[in-house]
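Asker: This is the content of model_5.txt (compact mmCIF, C-alpha atoms):
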```txt
# COMPACT_ATOMS: atom_id res chain seq x y z
CA MET A 1456 0.00 0.00 0.00
CA ALA A 1457 2.75 2.46 0.94
CA ALA A 1458 4.74 1.56 -2.17
CA ALA A 1459 1.71 2.15 -4.39
CA LYS A 1460 1.08 5.51 -2.76
CA THR A 1461 4.70 6.50 -3.24
CA ALA A 1462 4.51 5.48 -6.90
CA VAL A 1463 1.41 7.64 -7.44
CA GLN A 1464 3.10 10.58 -5.75
CA SER A 1465 6.16 10.15 -7.95
CA VAL A 1466 4.07 10.17 -11.12
CA ALA A 1467 2.03 13.09 -9.80
CA GLU A 1468 5.19 15.13 -9.35
CA ARG A 1469 6.28 14.45 -12.92
CA VAL A 1470 2.81 15.25 -14.25
CA ASP A 1471 2.62 18.43 -12.18
CA ALA A 1472 5.93 19.56 -13.68
CA GLN A 1473 4.29 19.43 -17.13
CA LEU A 1474 1.23 21.48 -16.20
CA PRO A 1475 1.23 25.27 -16.81
CA GLN A 1476 0.41 26.08 -13.17
CA THR A 1477 -2.26 28.63 -14.01
CA GLN A 1478 -4.30 27.20 -11.09
CA CYS A 1479 -7.43 28.03 -13.08
CA THR A 1480 -9.50 25.01 -11.88
CA ARG A 1481 -10.97 24.53 -15.37
CA CYS A 1482 -9.95 20.87 -15.16
CA GLY A 1483 -12.46 20.41 -12.35
CA PHE A 1484 -9.87 20.13 -9.59
CA ALA A 1485 -8.81 22.59 -6.91
CA ASP A 1486 -5.39 23.25 -8.42
CA CYS A 1487 -2.80 21.87 -10.82
CA ARG A 1488 -1.33 19.51 -8.24
CA ALA A 1489 -4.73 18.02 -7.48
CA TYR A 1490 -5.26 17.39 -11.19
CA ALA A 1491 -1.79 15.86 -11.45
CA THR A 1492 -2.59 13.50 -8.59
CA ALA A 1493 -5.87 12.51 -10.22
CA ILE A 1494 -4.07 11.73 -13.47
CA ALA A 1495 -1.41 9.71 -11.64
CA SER A 1496 -4.03 7.68 -9.78
CA GLY A 1497 -6.08 7.03 -12.92
CA GLU A 1498 -9.03 9.15 -11.78
CA ALA A 1499 -8.72 11.69 -14.61
CA ASP A 1500 -7.63 11.72 -18.22
CA ILE A 1501 -4.95 14.00 -19.68
CA ASP A 1502 -7.39 16.04 -21.79
CA ARG A 1503 -8.62 18.58 -19.24
CA CYS A 1504 -6.11 21.46 -19.39
CA PRO A 1505 -7.04 24.27 -21.84
CA PRO A 1506 -4.07 26.49 -20.85
CA GLY A 1507 -1.67 23.69 -21.77
CA GLY A 1508 -3.49 22.94 -25.00
CA ALA A 1509 -2.39 20.27 -27.45
CA ALA A 1510 1.26 20.71 -26.51
CA GLY A 1511 0.36 20.21 -22.87
CA ILE A 1512 -1.51 17.01 -23.64
CA ALA A 1513 1.51 15.74 -25.57
CA ARG A 1514 3.68 16.45 -22.53
CA LEU A 1515 1.31 14.60 -20.24
CA ALA A 1516 1.12 11.67 -22.67
CA ALA A 1517 4.91 11.39 -22.66
CA VAL A 1518 5.04 11.33 -18.86
CA THR A 1519 2.16 8.92 -18.32
CA GLY A 1520 2.63 6.66 -21.30
CA ARG A 1521 -0.94 7.32 -22.43
CA ALA A 1522 -1.91 8.05 -26.02
CA PRO A 1523 -2.35 11.74 -26.90
CA VAL A 1524 -6.01 12.74 -27.21
CA PRO A 1525 -7.78 15.95 -28.25
CA LEU A 1526 -8.58 18.54 -25.61
CA ASN A 1527 -11.99 17.79 -24.11
CA PRO A 1528 -14.21 20.81 -25.01
CA ARG A 1529 -16.14 20.28 -21.79
CA TYR A 1530 -13.22 21.92 -19.98
CA GLY A 1531 -12.60 24.75 -22.43
CA VAL A 1532 -10.70 25.48 -25.62
CA GLU A 1533 -7.08 26.26 -26.33
CA GLY A 1534 -6.39 29.94 -26.88
CA PRO A 1535 -3.96 32.79 -26.26
CA LEU A 1536 -3.01 33.87 -22.77
CA ARG A 1537 -5.55 36.45 -21.63
CA VAL A 1538 -4.52 38.62 -18.71
CA ALA A 1539 -6.84 40.54 -16.41
CA ARG A 1540 -7.18 44.29 -16.16
CA ILE A 1541 -9.29 46.39 -13.82
CA ASP A 1542 -11.32 49.41 -14.90
CA GLU A 1543 -10.29 51.96 -12.29
CA GLN A 1544 -13.40 54.06 -12.87
CA TRP A 1545 -15.64 51.24 -11.67
CA CYS A 1546 -13.51 49.49 -9.05
CA ILE A 1547 -15.02 49.90 -5.57
CA GLY A 1548 -12.10 48.40 -3.66
CA CYS A 1549 -14.04 45.44 -2.27
CA THR A 1550 -10.88 43.20 -2.25
CA LEU A 1551 -12.88 40.17 -3.45
CA CYS A 1552 -10.70 39.78 -6.52
CA ILE A 1553 -7.60 39.81 -4.32
CA LYS A 1554 -9.01 36.93 -2.32
CA ALA A 1555 -9.87 35.03 -5.52
CA CYS A 1556 -6.48 35.38 -7.22
CA PRO A 1557 -4.52 32.13 -6.77
CA VAL A 1558 -1.12 33.73 -7.34
CA ASP A 1559 -1.51 37.07 -5.51
CA CYS A 1560 -1.08 39.19 -8.63
CA ILE A 1561 -3.74 41.76 -7.67
CA VAL A 1562 -2.78 44.57 -5.34
CA GLY A 1563 -4.93 47.14 -3.54
CA THR A 1564 -6.56 47.96 -0.24
CA HIS A 1565 -10.12 48.18 1.03
CA LYS A 1566 -12.10 50.96 -0.68
CA HIS A 1567 -9.17 51.85 -2.93
CA MET A 1568 -8.68 50.98 -6.58
CA HIS A 1569 -6.97 47.66 -7.28
CA SER A 1570 -4.47 46.85 -10.00
CA VAL A 1571 -3.31 43.65 -11.70
CA ILE A 1572 0.41 42.95 -11.96
CA GLU A 1573 0.09 41.72 -15.53
CA PRO A 1574 3.44 39.87 -15.82
CA LEU A 1575 2.30 37.66 -12.91
CA CYS A 1576 -1.25 37.07 -14.14
CA THR A 1577 -1.92 33.47 -15.24
CA GLY A 1578 -5.20 34.25 -17.00
CA CYS A 1579 -7.09 31.95 -14.65
CA GLU A 1580 -10.20 34.16 -14.86
CA LEU A 1581 -11.14 33.40 -11.23
CA CYS A 1582 -11.31 37.12 -10.46
CA LEU A 1583 -14.11 37.70 -13.00
CA PRO A 1584 -17.00 36.07 -11.12
CA ALA A 1585 -15.68 37.44 -7.83
CA CYS A 1586 -16.10 41.07 -8.93
CA PRO A 1587 -19.52 42.42 -7.89
CA VAL A 1588 -19.40 45.36 -10.33
CA ASP A 1589 -17.94 43.59 -13.39
CA CYS A 1590 -15.01 45.97 -13.64
CA ILE A 1591 -12.47 43.28 -14.58
CA PHE A 1592 -11.88 42.37 -18.19
CA LEU A 1593 -9.38 40.26 -20.12
CA VAL A 1594 -6.95 41.27 -22.83
CA ASN A 1595 -4.87 39.17 -25.19
CA GLY A 1596 -1.42 38.78 -23.69
CA SER A 1597 0.24 36.47 -26.22
CA GLY A 1598 -0.99 37.43 -29.68
CA ASP A 1599 -1.48 34.37 -31.88
CA ARG A 1600 0.50 32.09 -29.55
CA THR A 1601 -1.58 29.53 -27.65
CA GLY A 1602 -1.00 26.77 -25.11
CA TRP A 1603 2.64 26.28 -24.14
CA ALA A 1604 3.67 28.59 -26.98
CA ALA A 1605 2.01 31.39 -25.00
CA TRP A 1606 3.45 30.33 -21.65
CA SER A 1607 6.97 29.47 -20.56
CA ALA A 1608 8.45 27.01 -18.09
CA GLU A 1609 9.81 29.98 -16.14
CA GLN A 1610 6.33 31.46 -15.82
CA ALA A 1611 4.96 28.10 -14.71
CA ASP A 1612 7.64 27.73 -12.06
CA ARG A 1613 7.02 31.24 -10.79
CA SER A 1614 3.26 30.70 -10.65
CA ARG A 1615 3.71 27.43 -8.77
CA ALA A 1616 5.92 29.16 -6.23
CA ARG A 1617 3.50 32.06 -5.78
CA TYR A 1618 0.55 29.70 -5.41
CA HIS A 1619 2.43 27.69 -2.79
CA ALA A 1620 3.42 30.85 -0.90
CA ARG A 1621 -0.19 32.02 -0.90
CA SER A 1622 -1.41 28.64 0.35
CA VAL A 1623 1.12 28.73 3.21
CA ARG A 1624 0.05 32.27 4.12
CA LEU A 1625 -3.66 31.40 4.11
CA GLU A 1626 -3.03 28.34 6.28
CA ARG A 1627 -0.98 30.43 8.71
CA ASP A 1628 -3.74 33.06 8.86
CA ARG A 1629 -6.34 30.36 9.51
CA ARG A 1630 -4.34 28.85 12.35
CA GLU A 1631 -3.67 32.24 13.92
CA HIS A 1632 -7.38 33.04 13.71
CA ASP A 1633 -8.27 29.74 15.38
CA GLU A 1634 -5.67 30.34 18.08
CA ARG A 1635 -7.16 33.77 18.83
CA LEU A 1636 -10.65 32.28 19.08
CA LEU A 1637 -9.34 29.54 21.33
CA ALA A 1638 -7.70 32.09 23.63
CA LYS A 1639 -10.91 34.14 23.81
CA ALA A 1640 -12.97 31.03 24.60
CA ARG A 1641 -10.61 30.03 27.38
CA ALA A 1642 -10.71 33.56 28.78
CA LYS A 1643 -14.51 33.50 28.74
CA LEU A 1644 -14.56 30.19 30.61
CA SER A 1645 -12.26 31.68 33.24
CA GLU A 1646 -14.55 34.71 33.63
CA ASP A 1647 -17.58 32.48 34.08
CA ALA A 1648 -15.74 30.39 36.66
CA VAL A 1649 -15.01 33.52 38.67
CA ALA A 1650 -18.59 34.80 38.35
CA ASP A 1651 -20.13 31.46 39.28
CA PRO A 1652 -17.47 29.24 40.88
CA LEU A 1653 -19.94 26.39 41.50
CA GLY A 1654 -21.37 26.51 38.00
CA ASP A 1655 -24.90 26.10 39.35
CA SER A 1656 -26.58 28.56 37.00
CA PRO A 1657 -28.28 26.82 34.03
CA SER A 1658 -27.33 29.71 31.76
CA VAL A 1659 -23.71 29.38 32.79
CA GLU A 1660 -23.80 25.63 32.17
CA ARG A 1661 -25.24 26.12 28.70
CA LYS A 1662 -22.70 28.82 27.89
CA ARG A 1663 -19.87 26.64 29.18
CA ALA A 1664 -21.04 23.74 27.00
CA VAL A 1665 -21.12 25.96 23.93
CA ILE A 1666 -17.67 27.38 24.64
CA GLU A 1667 -16.18 23.96 25.35
CA ALA A 1668 -17.59 22.68 22.06
CA ALA A 1669 -16.04 25.67 20.29
CA ILE A 1670 -12.70 24.96 21.95
CA ALA A 1671 -12.88 21.33 20.80
CA ARG A 1672 -13.56 22.42 17.22
CA ALA A 1673 -10.69 24.92 17.30
CA ARG A 1674 -8.31 22.29 18.67
CA ALA A 1675 -9.38 19.88 15.94
CA ARG A 1676 -8.69 22.45 13.23
CA LEU A 1677 -5.33 23.33 14.71
CA ASN A 1678 -4.34 19.65 14.73
CA THR A 1679 -5.18 19.11 11.03
```
Please go through the file and, once you have read it, give me the structure as structure tokens.

Answerer:
Amino acid sequence: MAAAKTAVQSVAERVDAQLPQTQCTRCGFADCRAYATAIASGEADIDRCPPGGAAGIARLAAVTGRAPVPLNPRYGVEGPLRVARIDEQWCIGCTLCIKACPVDCIVGTHKHMHSVIEPLCTGCELCLPACPVDCIFLVNGSGDRTGWAAWSAEQADRSRARYHARSVRLERDRREHDERLLAKARAKLSEDAVADPLGDSPSVERKRAVIEAAIARARARLNT
């Protein structure tokens, strides 16, 4: 069992190295690595990556030993790299696009106009549905070049690194948030113990049960 898992992970790493790392989720998976793992385990075919296009499928076929197949239109069509831009006249500074961007290429602050760092944009399009005022649009960033002709290995490596850094930051923020909630819950329990040292009040008992349940949930999240 362990050997089989290790073999899948090894193939997944090689497959992941051949994906463009746009993290667009068009393949139906959460990110490029998840798609690579699904391919390695036999759960998904190699025809789901529009950003990679035909050249990407050929790369995946070479790694997996599978026969090249056409891109499945269910997941999109091959095309040029399209990068996002924000119409500053309509941007309301809601920060929702910042939260949606998988590679942190959108900068701005609350209630101030945001901007896209175009050289870092992967064209994932995830910011489009996140914008409540439709002020984000896409422009052609690669001319007639499509698939891997429109995207380089250096860009893929950079996007993978930025996506990983973002994931680490979000996980750290989540843990710090849970730790703050845990500290507040413990402080509240201490206050209740001082106010009612015997814990005889029904309202105190109910509150204590709720807080203890919240502490248990926080501990469980912190241990994951």

Asker: List as JSON lines every residue of segment 1503-1585 of chain A that is in contact with segment 1599-1608 of chain A, defined as an atom at most 7 Å from one of its atoms (using all atoms listed in the file), together with the nearest atom pair and the distance in Å rounded to one decimal, sorted by chain and then rising number.

Answerer:
```
{"residue": "A:Pro1506", "atom": "CA", "partner": "A:Gly1602", "partner_atom": "CA", "distance": 5.3}
{"residue": "A:Gly1507", "atom": "CA", "partner": "A:Gly1602", "partner_atom": "CA", "distance": 4.6}
{"residue": "A:Gly1508", "atom": "CA", "partner": "A:Gly1602", "partner_atom": "CA", "distance": 4.6}
{"residue": "A:Ala1510", "atom": "CA", "partner": "A:Trp1603", "partner_atom": "CA", "distance": 6.2}
{"residue": "A:Gly1511", "atom": "CA", "partner": "A:Trp1603", "partner_atom": "CA", "distance": 6.6}
{"residue": "A:Glu1533", "atom": "CA", "partner": "A:Gly1602", "partner_atom": "CA", "distance": 6.2}
{"residue": "A:Gly1534", "atom": "CA", "partner": "A:Thr1601", "partner_atom": "CA", "distance": 4.9}
{"residue": "A:Pro1535", "atom": "CA", "partner": "A:Thr1601", "partner_atom": "CA", "distance": 4.3}
{"residue": "A:Leu1536", "atom": "CA", "partner": "A:Ala1605", "partner_atom": "CA", "distance": 6.0}
```

Asker: May I have the residues from that selection written out with C-alpha atoms, as a PDB file, in the coordinates of the input?

Answerer:
```
ATOM      1  CA  PRO A1506      -4.070  26.490 -20.850  1.00  0.00           C
ATOM      2  CA  GLY A1507      -1.670  23.690 -21.770  1.00  0.00           C
ATOM      3  CA  GLY A1508      -3.490  22.940 -25.000  1.00  0.00           C
ATOM      4  CA  ALA A1510       1.260  20.710 -26.510  1.00  0.00           C
ATOM      5  CA  GLY A1511       0.360  20.210 -22.870  1.00  0.00           C
ATOM      6  CA  GLU A1533      -7.080  26.260 -26.330  1.00  0.00           C
ATOM      7  CA  GLY A1534      -6.390  29.940 -26.880  1.00  0.00           C
ATOM      8  CA  PRO A1535      -3.960  32.790 -26.260  1.00  0.00           C
ATOM      9  CA  LEU A1536      -3.010  33.870 -22.770  1.00  0.00           C
TER      10      LEU A1536
END
```

Asker: Which of these, A:Ala1664, A:Ala1620, A:Cys1479, A:Val1538, has the shortest distance to Asn1595 of chain A once you count only C-alpha atoms?

Answerer: A:Val1538

Asker: Point out the residue among A:Cys1579, A:Ala1499, A:Cys1556, A:Cys1487 with the least atom-to-atom distance to Gly1531 of chain A, counting only C-alpha atoms.

Answerer: A:Cys1579

Asker: Kindly assemble as CSV a list of the segment 1482-1553 of chain A residues that lie within 12 Å of segment 1615-1619 of chain A, each paired with its nearest atom pair and their distance in Å to one decimal, using all atoms listed in the file, sorted first by chain and then by ascending residue number.

Answerer:
```
residue,atom,partner,partner_atom,distance
A:Ala1485,CA,A:Tyr1618,CA,11.8
A:Asp1486,CA,A:Tyr1618,CA,9.3
A:Cys1487,CA,A:Arg1615,CA,8.8
A:Arg1488,CA,A:Arg1615,CA,9.4
```

Asker: Calculated over all atoms listed in the file, which of the candidates A:Cys1582, A:Cys1482, A:Asp1559, A:Leu1515 has the smallest distance to Arg1540 of chain A?

Answerer: A:Cys1582

Asker: Taking all atoms of segment 1510-1514 of chain A that the file lists, what box with edges along x, y and z, padded by 5 Å per side, do you get, with centre and edge lengths in Å to one decimal, as lines of an AutoDock Vina configuration file?

Answerer:
```
center_x = 1.1
center_y = 18.2
center_z = -24.5
size_x = 15.2
size_y = 15.0
size_z = 14.0
```
